[in-house]
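Worksheet: the structure to be examined is printed underneath.
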Amino acid sequence: DKGSAAAIPINEVDIAYVTPVTIGTPPQTLMLDLDTGSSDLWVFSSLTPSTQVRGQEIYTPTKSSTSKLLSGHTWSIRYGDGSGSRGSVYTDNFTIGGLEVRSQAVQTALEVSSSFTQEQSLDGLVGLGFSTLNTVRPSSQLTFFDNARPNLDEEVFTADLKYHATGSYDFGFIDSKKYTGNITYTAVQQSPGYWTHSLSGYSVGSGAFQASQISGISDTGTTLLYLPTAIVTAYYRQVQGAQNSQYYGGYVFPCSSTLPTFTFGIEGARFTIPASYINYTRISPTSTTCYGGLQSSSGLGINIFGDVALKAAFVVFSGTNPPRIGFATK
Ligand SMILES: CCNC(=O)c1c(-c2ccccc2)csc1NC(=O)CNCCc1c[nH]c2ccccc12
């Protein structure tokens, strides 16, 4: 078995990417954010208070002949940015890009935080982290990938995220047309449940490569790249007028600044993030001050290789034993 589906940016700065999925019988189509940084599959639903729904598509279990309530089960998730949701659980048929999982646990939201209500084009998330992170209680549930794995031609899924354009997620196969050269793999440490691995170092612009093991998580659900302060200050030292703003909660700079590229290493391979990816967004539509796509991880307790980094590569998430992650240029 295999599947392939689009990864569509939800706004003009790629704050997140959504993928069409179908749930139930007859199929209900929702646009969900495939998220390797969490492991809950949750959706806006007919149980979500209408005051918290603003334009999202919803899943209505009672309209599906194959839905089953997972009675007595609840879930509640809080993300590091302060957003969150909670609710009840159904199982139903769930398809991404032609790949179907029967009786997938679908977590129906009874409450969502305001930042999800405001994301009108996002109808929920598909967690693709390790199932150990799933928040359903009393019994935790498996991710779509863990449920699909036994039937996949190859125990992998790939992410081909693009800058200001539609990319793709593939399940069960590696599409050699989507990358150039070889895929460089590195070990994944799957505790506590993220796709945790190391970078072999970095360089700023045309500067020398600094070899250094930097542990972090490859996270399609986080927009930006968060790295240790020493690396981030070395980067913005090259940017005229850059400053770490308390007010804006991170590095900002004049939108007219020339930014250097940022290169990260995976084992012996090198991946360069174009300057345009790091000139992330104006702090307000009419402002001439811009917010960086590279920020410090010092407040997070974890380094996050988010979309700004991942869209510079073709990424293979391999569920082999032991799991590993692969990067290729494209
Ligand atoms: C900024 C979102 N990322 C995080 O909070 C996060 C953290 C994290 C931990 C502490 C402080 C800040 C971040 C660790 S792993 C990790 N990754 C995830 O949690 C991945 N899922 C994010 C889901 C998510 C939260 N708010 C959104 C808004 C739009 C689309 C997706 C989302």
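Ligands are numbered from 1 in the order shown, residues from 1 within each chain, and chains are lettered A, B, ... in the order they appear in the structure tokens.
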
Strand (DSSP E or B) call set, DSSP backbone run, stretch 136-304 of chain A, as a VMD selection string: chain A and resid 137 156 to 162 165 to 171 180 to 187 189 196 to 204 210 to 218 225 to 227 243 to 245 250 to 254 262 to 266 269 to 273 279 to 282 289 to 292 294 to 296 304

Those same residues, written as a PDB file, in the first residue's frame with C-alpha atoms?
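Generated output (selection_28.pdb):
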ATOM      1  CA  ARG A 137      -6.770   8.178  28.121  1.00  0.00           C
ATOM      2  CA  VAL A 156       8.392   5.245   5.516  1.00  0.00           C
ATOM      3  CA  PHE A 157       6.683   8.532   4.930  1.00  0.00           C
ATOM      4  CA  THR A 158       8.329  11.517   3.238  1.00  0.00           C
ATOM      5  CA  ALA A 159       7.862  15.275   3.480  1.00  0.00           C
ATOM      6  CA  ASP A 160       8.524  17.545   0.498  1.00  0.00           C
ATOM      7  CA  LEU A 161       7.488  20.952   1.896  1.00  0.00           C
ATOM      8  CA  LYS A 162       7.973  23.973  -0.377  1.00  0.00           C
ATOM      9  CA  ALA A 165       4.149  26.627  -2.923  1.00  0.00           C
ATOM     10  CA  THR A 166       2.343  23.320  -2.615  1.00  0.00           C
ATOM     11  CA  GLY A 167       4.510  20.299  -1.777  1.00  0.00           C
ATOM     12  CA  SER A 168       3.590  16.744  -0.848  1.00  0.00           C
ATOM     13  CA  TYR A 169       3.588  13.955   1.722  1.00  0.00           C
ATOM     14  CA  ASP A 170       4.094  10.369   0.505  1.00  0.00           C
ATOM     15  CA  PHE A 171       3.388   7.223   2.518  1.00  0.00           C
ATOM     16  CA  THR A 180      18.609  14.835  -6.388  1.00  0.00           C
ATOM     17  CA  GLY A 181      21.727  12.945  -5.310  1.00  0.00           C
ATOM     18  CA  ASN A 182      21.656  10.558  -2.370  1.00  0.00           C
ATOM     19  CA  ILE A 183      19.582  10.487   0.801  1.00  0.00           C
ATOM     20  CA  THR A 184      21.781  10.891   3.894  1.00  0.00           C
ATOM     21  CA  TYR A 185      20.332   9.077   6.897  1.00  0.00           C
ATOM     22  CA  THR A 186      21.041   9.672  10.563  1.00  0.00           C
ATOM     23  CA  ALA A 187      19.926   7.917  13.748  1.00  0.00           C
ATOM     24  CA  GLN A 189      16.333   8.680  19.242  1.00  0.00           C
ATOM     25  CA  THR A 196      14.857  13.492  17.612  1.00  0.00           C
ATOM     26  CA  HIS A 197      18.230  13.524  15.826  1.00  0.00           C
ATOM     27  CA  SER A 198      21.403  15.590  15.558  1.00  0.00           C
ATOM     28  CA  LEU A 199      22.748  18.072  13.064  1.00  0.00           C
ATOM     29  CA  SER A 200      26.477  17.648  12.457  1.00  0.00           C
ATOM     30  CA  GLY A 201      27.017  21.425  12.476  1.00  0.00           C
ATOM     31  CA  TYR A 202      26.208  24.651  10.645  1.00  0.00           C
ATOM     32  CA  SER A 203      27.589  27.590   8.688  1.00  0.00           C
ATOM     33  CA  VAL A 204      26.403  31.167   8.144  1.00  0.00           C
ATOM     34  CA  GLN A 210      31.254  24.761  12.458  1.00  0.00           C
ATOM     35  CA  ALA A 211      31.217  21.044  13.300  1.00  0.00           C
ATOM     36  CA  SER A 212      29.047  20.513  16.384  1.00  0.00           C
ATOM     37  CA  GLN A 213      26.416  17.907  17.361  1.00  0.00           C
ATOM     38  CA  ILE A 214      23.124  19.794  17.727  1.00  0.00           C
ATOM     39  CA  SER A 215      20.256  17.619  18.988  1.00  0.00           C
ATOM     40  CA  GLY A 216      16.705  18.595  18.099  1.00  0.00           C
ATOM     41  CA  ILE A 217      13.456  17.448  16.534  1.00  0.00           C
ATOM     42  CA  SER A 218      12.347  17.514  12.908  1.00  0.00           C
ATOM     43  CA  LEU A 225      13.793  26.996  12.977  1.00  0.00           C
ATOM     44  CA  TYR A 226      14.795  27.241  16.659  1.00  0.00           C
ATOM     45  CA  LEU A 227      18.505  26.760  17.477  1.00  0.00           C
ATOM     46  CA  GLN A 243      18.157  43.004  17.113  1.00  0.00           C
ATOM     47  CA  ASN A 244      16.692  40.540  19.564  1.00  0.00           C
ATOM     48  CA  SER A 245      13.458  42.341  20.432  1.00  0.00           C
ATOM     49  CA  GLY A 250      12.616  37.387  18.885  1.00  0.00           C
ATOM     50  CA  TYR A 251      15.097  38.587  16.249  1.00  0.00           C
ATOM     51  CA  VAL A 252      13.813  41.322  13.956  1.00  0.00           C
ATOM     52  CA  PHE A 253      15.607  43.356  11.279  1.00  0.00           C
ATOM     53  CA  PRO A 254      14.879  45.943   8.568  1.00  0.00           C
ATOM     54  CA  PHE A 262      22.122  29.246   6.676  1.00  0.00           C
ATOM     55  CA  THR A 263      23.591  25.778   6.104  1.00  0.00           C
ATOM     56  CA  PHE A 264      23.040  22.758   8.375  1.00  0.00           C
ATOM     57  CA  GLY A 265      24.786  19.401   8.300  1.00  0.00           C
ATOM     58  CA  ILE A 266      23.309  15.928   8.417  1.00  0.00           C
ATOM     59  CA  ALA A 269      25.836  16.171   3.874  1.00  0.00           C
ATOM     60  CA  ARG A 270      25.090  19.918   3.773  1.00  0.00           C
ATOM     61  CA  PHE A 271      21.711  21.637   3.279  1.00  0.00           C
ATOM     62  CA  THR A 272      21.478  25.355   2.614  1.00  0.00           C
ATOM     63  CA  ILE A 273      18.425  27.399   3.617  1.00  0.00           C
ATOM     64  CA  ASN A 279      13.223  36.717   5.931  1.00  0.00           C
ATOM     65  CA  TYR A 280      10.039  35.266   7.370  1.00  0.00           C
ATOM     66  CA  THR A 281       7.426  38.010   7.614  1.00  0.00           C
ATOM     67  CA  ARG A 282       6.761  41.696   8.176  1.00  0.00           C
ATOM     68  CA  THR A 289      10.538  45.621  10.229  1.00  0.00           C
ATOM     69  CA  CYS A 290      10.723  41.891   9.557  1.00  0.00           C
ATOM     70  CA  TYR A 291      10.726  38.840  11.876  1.00  0.00           C
ATOM     71  CA  GLY A 292      13.329  36.122  11.381  1.00  0.00           C
ATOM     72  CA  LEU A 294      15.631  31.518  12.590  1.00  0.00           C
ATOM     73  CA  GLN A 295      15.074  32.132  16.313  1.00  0.00           C
ATOM     74  CA  SER A 296      16.664  31.135  19.606  1.00  0.00           C
ATOM     75  CA  ILE A 304      13.210  22.519  16.722  1.00  0.00           C
TER      76      ILE A 304
END

Set out as a Markdown table a contact list for chain A and ligand 1 with a cut-off of 6 Å, giving each residue of chain A that qualifies its closest atom pair and distance in Å to one decimal, counting only C-alpha atoms and all ligand atoms, ordered by chain and rising residue number.
| residue | atom | partner | partner_atom_place_in_ligand_line | distance |
| --- | --- | --- | --- | --- |
| A:Ala16 | CA | ligand 1 | 30 (C) | 5.4 |
| A:Asp35 | CA | ligand 1 | 21 (N) | 5.8 |
| A:Gly37 | CA | ligand 1 | 20 (C) | 3.9 |
| A:Ser38 | CA | ligand 1 | 20 (C) | 5.1 |
| A:Tyr79 | CA | ligand 1 | 5 (O) | 4.1 |
| A:Gly80 | CA | ligand 1 | 5 (O) | 3.1 |
| A:Asp81 | CA | ligand 1 | 5 (O) | 4.6 |
| A:Ser83 | CA | ligand 1 | 26 (N) | 5.5 |
| A:Gly221 | CA | ligand 1 | 20 (C) | 4.2 |
| A:Thr222 | CA | ligand 1 | 2 (C) | 4.6 |
| A:Leu300 | CA | ligand 1 | 11 (C) | 4.0 |

Keeping N, CA and C atoms for every residue in the selection just given, could you write it to a file as a compact mmCIF listing (two decimals), in the first residue's frame?
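The file below, again-v5.txt, is the result:
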# COMPACT_ATOMS: atom_id res chain seq x y z
N ALA A 16 1.74 27.30 8.21
CA ALA A 16 1.50 25.87 8.37
C ALA A 16 1.05 25.33 7.01
N ASP A 35 1.68 16.58 11.29
CA ASP A 35 2.54 17.18 12.29
C ASP A 35 3.46 16.15 12.95
N GLY A 37 5.63 16.69 15.02
CA GLY A 37 5.99 17.13 16.36
C GLY A 37 4.94 16.83 17.40
N SER A 38 3.93 16.04 17.06
CA SER A 38 2.93 15.61 18.05
C SER A 38 2.30 14.32 17.54
N TYR A 79 0.14 22.70 23.42
CA TYR A 79 1.37 22.86 22.65
C TYR A 79 2.22 23.95 23.29
N GLY A 80 3.49 23.96 22.96
CA GLY A 80 4.42 24.89 23.59
C GLY A 80 4.11 26.34 23.31
N ASP A 81 3.36 26.61 22.23
CA ASP A 81 3.01 28.01 21.93
C ASP A 81 1.79 28.45 22.73
N SER A 83 -1.19 27.08 22.67
CA SER A 83 -2.46 26.63 22.09
C SER A 83 -2.78 25.23 22.58
N GLY A 221 5.14 20.43 12.15
CA GLY A 221 4.06 21.23 12.75
C GLY A 221 4.51 22.53 13.34
N THR A 222 5.83 22.79 13.34
CA THR A 222 6.35 24.07 13.84
C THR A 222 6.87 24.88 12.66
N LEU A 300 12.82 27.35 24.97
CA LEU A 300 11.96 26.19 24.67
C LEU A 300 12.42 24.92 25.37

Between atom CA of A:Trp75 and atom CA of A:Gly87, distance in Å (one decimal):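 If I compute the distance from atom CA of A:Trp75 to atom CA of A:Gly87, I get 5.5 Å.
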
Please list as an mmCIF file with N, CA, C and O atoms, in the first residue's frame every residue within 6 Å of stretch 41-52 of chain A, counting only C-alpha atoms and excluding residues in the same chain fewer than 5 positions away.
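File produced: result.cif:
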data_model
loop_
_atom_site.group_PDB
_atom_site.id
_atom_site.type_symbol
_atom_site.label_atom_id
_atom_site.label_comp_id
_atom_site.auth_asym_id
_atom_site.auth_seq_id
_atom_site.Cartn_x
_atom_site.Cartn_y
_atom_site.Cartn_z
ATOM 1 N N ILE A 58 -15.939 20.623 9.501
ATOM 2 C CA ILE A 58 -16.040 19.785 10.707
ATOM 3 C C ILE A 58 -16.347 18.337 10.329
ATOM 4 O O ILE A 58 -16.914 18.059 9.269
ATOM 5 N N TYR A 59 -15.947 17.440 11.213
ATOM 6 C CA TYR A 59 -16.268 16.006 11.095
ATOM 7 C C TYR A 59 -17.494 15.748 11.957
ATOM 8 O O TYR A 59 -17.506 16.081 13.151
ATOM 9 N N THR A 60 -18.532 15.155 11.345
ATOM 10 C CA THR A 60 -19.760 14.812 12.061
ATOM 11 C C THR A 60 -19.873 13.290 12.138
ATOM 12 O O THR A 60 -20.282 12.651 11.150
ATOM 13 N N VAL A 106 -10.001 8.934 15.831
ATOM 14 C CA VAL A 106 -10.189 10.321 15.409
ATOM 15 C C VAL A 106 -10.654 11.095 16.636
ATOM 16 O O VAL A 106 -11.727 10.813 17.177
ATOM 17 N N GLN A 107 -9.823 12.009 17.102
ATOM 18 C CA GLN A 107 -10.121 12.735 18.328
ATOM 19 C C GLN A 107 -10.943 13.976 18.003
ATOM 20 O O GLN A 107 -10.487 14.883 17.318
ATOM 21 N N THR A 108 -12.202 13.966 18.465
ATOM 22 C CA THR A 108 -13.137 15.047 18.127
ATOM 23 C C THR A 108 -13.045 16.134 19.198
ATOM 24 O O THR A 108 -13.167 15.855 20.391
ATOM 25 N N ALA A 109 -12.839 17.377 18.747
ATOM 26 C CA ALA A 109 -12.627 18.475 19.696
ATOM 27 C C ALA A 109 -13.947 18.903 20.342
ATOM 28 O O ALA A 109 -14.937 19.162 19.652
ATOM 29 N N LEU A 110 -13.930 18.967 21.657
ATOM 30 C CA LEU A 110 -15.039 19.570 22.420
ATOM 31 C C LEU A 110 -14.677 21.000 22.794
ATOM 32 O O LEU A 110 -15.523 21.776 23.217
ATOM 33 N N GLU A 111 -13.355 21.283 22.678
ATOM 34 C CA GLU A 111 -12.880 22.639 22.966
ATOM 35 C C GLU A 111 -11.565 22.864 22.218
ATOM 36 O O GLU A 111 -10.748 21.949 22.154
ATOM 37 N N THR A 117 -9.092 28.493 16.580
ATOM 38 C CA THR A 117 -10.313 29.076 16.018
ATOM 39 C C THR A 117 -9.981 30.083 14.922
ATOM 40 O O THR A 117 -10.630 30.160 13.888
ATOM 41 N N ASP A 123 -8.351 22.479 9.802
ATOM 42 C CA ASP A 123 -9.483 21.758 10.407
ATOM 43 C C ASP A 123 -9.044 20.759 11.464
ATOM 44 O O ASP A 123 -9.877 20.010 11.999
ATOM 45 N N GLY A 124 -7.722 20.755 11.756
ATOM 46 C CA GLY A 124 -7.213 19.818 12.759
ATOM 47 C C GLY A 124 -5.815 19.369 12.400
ATOM 48 O O GLY A 124 -5.196 19.894 11.475
ATOM 49 N N LEU A 125 -5.308 18.411 13.184
ATOM 50 C CA LEU A 125 -3.944 17.917 13.024
ATOM 51 C C LEU A 125 -3.901 16.408 12.886
ATOM 52 O O LEU A 125 -4.755 15.710 13.458
ATOM 53 N N VAL A 126 -2.910 15.903 12.139
ATOM 54 C CA VAL A 126 -2.620 14.468 12.098
ATOM 55 C C VAL A 126 -1.231 14.302 12.705
ATOM 56 O O VAL A 126 -0.217 14.624 12.079
ATOM 57 N N GLY A 127 -1.175 13.843 13.951
ATOM 58 C CA GLY A 127 0.118 13.651 14.613
ATOM 59 C C GLY A 127 0.877 12.507 13.955
ATOM 60 O O GLY A 127 0.332 11.423 13.762
#

Minimum-distance residue to A:Gly207, chosen among A:Thr261, A:Val239, A:Thr36, A:His164 (using only C-alpha atoms):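 The closest residue to A:Gly207 is A:Thr261.
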
Residue with smallest distance to A:Ile8 - pool A:Ser131, A:Ser113, A:Ser121, A:Ser191, counting only C-alpha atoms: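 Under the stated criterion, the closest residue is A:Ser121.
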
Picked from stretch 29-139 of chain A by DSSP as alpha helix (DSSP H), as a count of residues only: 5

Best match for closeness to A:Asp146 among A:Ala105, A:Ser115, A:Glu57, A:Ser67, counting only C-alpha atoms: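 When distances to A:Asp146 are compared using only C-alpha atoms, the smallest one comes from A:Ala105.
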
Selected residue of minimal separation from A:Phe144 among A:Asp1, A:Leu34, A:Thr74, A:Ala230, counting only C-alpha atoms: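 Smallest separation from A:Phe144 among the options: A:Leu34.
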
Atom-to-atom span, atom CA of A:Tyr194 and atom CA of A:Phe145, Å: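 Atom-to-atom, atom CA of A:Tyr194 to atom CA of A:Phe145, that is 13.8 Å.
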
Spatial neighbours of A:Pro27, max dist 10 Å, only C-alpha atoms, sep filter under 2 positions, as a ChimeraX atom specification: /A:21-25,29-30,59,63-64,93-95

Prev. selection, N, CA and C atoms, output as an mmCIF file, in the first residue's frame:
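Generated output (result10.cif):
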data_model
loop_
_atom_site.group_PDB
_atom_site.id
_atom_site.type_symbol
_atom_site.label_atom_id
_atom_site.label_comp_id
_atom_site.auth_asym_id
_atom_site.auth_seq_id
_atom_site.Cartn_x
_atom_site.Cartn_y
_atom_site.Cartn_z
ATOM 1 N N VAL A 21 -7.766 15.175 3.719
ATOM 2 C CA VAL A 21 -7.966 13.795 4.177
ATOM 3 C C VAL A 21 -9.458 13.505 4.110
ATOM 4 N N THR A 22 -9.849 12.213 4.068
ATOM 5 C CA THR A 22 -11.279 11.891 4.162
ATOM 6 C C THR A 22 -11.501 11.002 5.375
ATOM 7 N N ILE A 23 -12.651 11.267 6.033
ATOM 8 C CA ILE A 23 -13.014 10.523 7.247
ATOM 9 C C ILE A 23 -14.432 10.002 7.071
ATOM 10 N N GLY A 24 -14.645 8.717 7.318
ATOM 11 C CA GLY A 24 -15.988 8.154 7.410
ATOM 12 C C GLY A 24 -16.615 7.736 6.091
ATOM 13 N N THR A 25 -17.905 7.311 6.252
ATOM 14 C CA THR A 25 -18.699 6.798 5.135
ATOM 15 C C THR A 25 -20.072 7.458 5.158
ATOM 16 N N THR A 29 -14.426 15.335 3.802
ATOM 17 C CA THR A 29 -13.075 15.840 3.525
ATOM 18 C C THR A 29 -12.735 16.994 4.457
ATOM 19 N N LEU A 30 -11.607 16.876 5.147
ATOM 20 C CA LEU A 30 -11.090 17.948 5.995
ATOM 21 C C LEU A 30 -9.661 18.238 5.578
ATOM 22 N N TYR A 59 -15.947 17.440 11.213
ATOM 23 C CA TYR A 59 -16.268 16.006 11.095
ATOM 24 C C TYR A 59 -17.494 15.748 11.957
ATOM 25 N N LYS A 63 -22.950 11.302 11.035
ATOM 26 C CA LYS A 63 -23.265 11.193 9.605
ATOM 27 C C LYS A 63 -22.466 10.081 8.944
ATOM 28 N N SER A 64 -21.602 9.416 9.712
ATOM 29 C CA SER A 64 -20.775 8.354 9.135
ATOM 30 C C SER A 64 -21.261 6.988 9.618
ATOM 31 N N ASN A 93 -13.072 5.162 9.402
ATOM 32 C CA ASN A 93 -12.166 4.983 8.252
ATOM 33 C C ASN A 93 -11.537 6.320 7.926
ATOM 34 N N PHE A 94 -10.219 6.300 7.665
ATOM 35 C CA PHE A 94 -9.464 7.549 7.514
ATOM 36 C C PHE A 94 -8.504 7.363 6.340
ATOM 37 N N THR A 95 -8.538 8.281 5.372
ATOM 38 C CA THR A 95 -7.718 8.121 4.165
ATOM 39 C C THR A 95 -6.891 9.364 3.899
#

Counting only C-alpha atoms, the residue of A:Val112, A:Leu122, A:Leu152, A:Leu70 that sits nearest A:Leu99: A:Leu152

A:Tyr17 surroundings by only C-alpha atoms, 7 Å radius, close-in-sequence under 3 positions cut, as a PyMOL selection string: chain A and resi 7-10+14+33
